[in-house]
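Here's the structure we're looking at; comments come further down.
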Amino acid sequence: MMLNVFGKQTFIQAYDEQTSVYVLINRKAFDKGEVTIELLNMEISRLYEGDYSLAFD
């Protein structure tokens with residue numbers, strides 16, 4: 001059996017092609033709506049200068 005801690009069942013991968021931001025999002029929190037792409041964009045923009053627009057796989 002192979003343990004895959006960072007697999008698609010555990011995390012969602014989000015990135016911004018313009019600014020090289022890459023984050024792993026807890027899938028359970030995302031599926032429950034506790035974490036959203038909009039919330040992440042807002043928090044990243046608050047912490048760092050620039051406009052960020054995350055996309056995910």
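By convention here, the chains of the structure tokens are called A, B, ... in the order presented, each chain's residues are numbered starting at 1, and ligands are numbered starting at 1 in the order presented.
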
Next item on the list: Select from chain A everything DSSP, run on the backbone, classes as alpha helix (DSSP H), then give the selection as a PyMOL selection string.
Entry: chain A and resi 27-31+37-47

Note to self: Neighbouring residues of Asp31 of chain A were defined as those with any atom within 12 Å, considering only C-alpha atoms; residues of the same chain fewer than 3 positions away were excluded. Please report them as a VMD selection string.
What the structure shows: chain A and resid 9 to 12 25 to 28 34 to 37

Store the residues picked out above in a file with N, CA and C atoms, as a compact mmCIF listing (two decimals), in the first residue's frame.
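As written to disk, selection12.txt reads:
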```txt
# COMPACT_ATOMS: atom_id res chain seq x y z
N GLN A 9 -7.31 13.48 -2.98
CA GLN A 9 -8.37 13.23 -2.00
C GLN A 9 -8.18 14.06 -0.74
N THR A 10 -6.95 14.52 -0.48
CA THR A 10 -6.63 15.27 0.72
C THR A 10 -6.55 16.77 0.46
N PHE A 11 -5.98 17.16 -0.67
CA PHE A 11 -5.75 18.57 -0.96
C PHE A 11 -6.19 18.94 -2.36
N ILE A 12 -6.53 20.22 -2.52
CA ILE A 12 -6.76 20.83 -3.82
C ILE A 12 -5.56 21.73 -4.08
N ILE A 25 -4.88 23.38 -0.55
CA ILE A 25 -6.09 23.67 0.22
C ILE A 25 -6.65 22.34 0.74
N ASN A 26 -6.96 22.31 2.02
CA ASN A 26 -7.56 21.13 2.62
C ASN A 26 -8.90 20.85 1.94
N ARG A 27 -9.03 19.68 1.33
CA ARG A 27 -10.22 19.35 0.55
C ARG A 27 -11.49 19.35 1.41
N LYS A 28 -11.43 18.82 2.62
CA LYS A 28 -12.62 18.78 3.47
C LYS A 28 -13.12 20.19 3.80
N GLU A 34 -15.76 26.16 4.06
CA GLU A 34 -15.02 26.91 5.07
C GLU A 34 -13.87 27.70 4.44
N VAL A 35 -13.34 27.21 3.33
CA VAL A 35 -12.29 27.87 2.56
C VAL A 35 -12.78 27.98 1.13
N THR A 36 -12.68 29.17 0.57
CA THR A 36 -13.10 29.38 -0.81
C THR A 36 -11.96 30.03 -1.59
N ILE A 37 -12.00 29.93 -2.89
CA ILE A 37 -11.01 30.58 -3.74
C ILE A 37 -11.08 32.10 -3.53
```

Check: A:Gln13, A:Ala55, A:Leu24, A:Gly50: which is nearest Glu38 of chain A, counting only C-alpha atoms?
Finding: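 Between A:Gln13, A:Ala55, A:Leu24, A:Gly50, the residue approaching Glu38 of chain A most closely is A:Ala55.
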
Notebook entry, point to check: Hey, what does DSSP flag as strand (DSSP E or B) within segment 13-47 of chain A? Can you give it to me as a PyMOL selection string?
Noted result: chain A and resi 13-16+21-26

Test item: residues at most 12 Å from Tyr22 of chain A, only C-alpha atoms, excluding those fewer than 5 positions along its chain, as a compact mmCIF listing (two decimals) with N, CA and C atoms, in the first residue's frame:
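Everything below was put into part30.txt:
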```
# COMPACT_ATOMS: atom_id res chain seq x y z
N ILE A 12 -6.53 20.22 -2.52
CA ILE A 12 -6.76 20.83 -3.82
C ILE A 12 -5.56 21.73 -4.08
N GLN A 13 -5.02 21.69 -5.27
CA GLN A 13 -3.91 22.55 -5.64
C GLN A 13 -4.44 23.81 -6.31
N ALA A 14 -4.02 24.96 -5.80
CA ALA A 14 -4.43 26.24 -6.40
C ALA A 14 -3.18 27.03 -6.74
N TYR A 15 -3.26 27.81 -7.80
CA TYR A 15 -2.09 28.55 -8.26
C TYR A 15 -2.52 29.80 -9.01
N ASP A 16 -1.60 30.73 -9.13
CA ASP A 16 -1.80 31.94 -9.91
C ASP A 16 -0.70 31.98 -10.96
N GLU A 17 -1.06 31.88 -12.20
CA GLU A 17 -0.07 31.82 -13.28
C GLU A 17 0.72 33.11 -13.42
N LEU A 40 -9.32 33.00 -0.29
CA LEU A 40 -7.87 32.89 -0.46
C LEU A 40 -7.32 34.05 -1.27
N ASN A 41 -7.98 34.42 -2.38
CA ASN A 41 -7.55 35.56 -3.18
C ASN A 41 -7.50 36.83 -2.33
N ILE A 44 -4.55 36.59 0.29
CA ILE A 44 -3.24 36.72 -0.36
C ILE A 44 -3.02 38.16 -0.79
N TYR A 52 -4.15 38.98 -7.24
CA TYR A 52 -3.99 37.53 -7.37
C TYR A 52 -5.32 36.93 -7.81
N SER A 53 -5.24 35.97 -8.66
CA SER A 53 -6.43 35.27 -9.12
C SER A 53 -6.08 33.79 -9.18
N LEU A 54 -6.50 33.06 -8.16
CA LEU A 54 -6.17 31.64 -8.08
C LEU A 54 -7.05 30.80 -8.98
N ALA A 55 -6.47 29.82 -9.58
CA ALA A 55 -7.19 28.79 -10.31
C ALA A 55 -6.83 27.47 -9.63
N PHE A 56 -7.63 26.46 -9.83
CA PHE A 56 -7.29 25.18 -9.23
C PHE A 56 -7.61 24.02 -10.14
N ASP A 57 -6.94 22.91 -9.84
CA ASP A 57 -7.13 21.68 -10.61
C ASP A 57 -8.24 20.86 -10.01
```

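The space separating atom CA of Leu39 of chain A from atom CA of Gln18 of chain A comes to 18.4 Å.
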
Next item on the list: State, in Å with one decimal place, the distance from atom CA of Phe30 of chain A to atom CA of Leu47 of chain A.
Entry: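 Between these atoms lies a distance of 20.7 Å.
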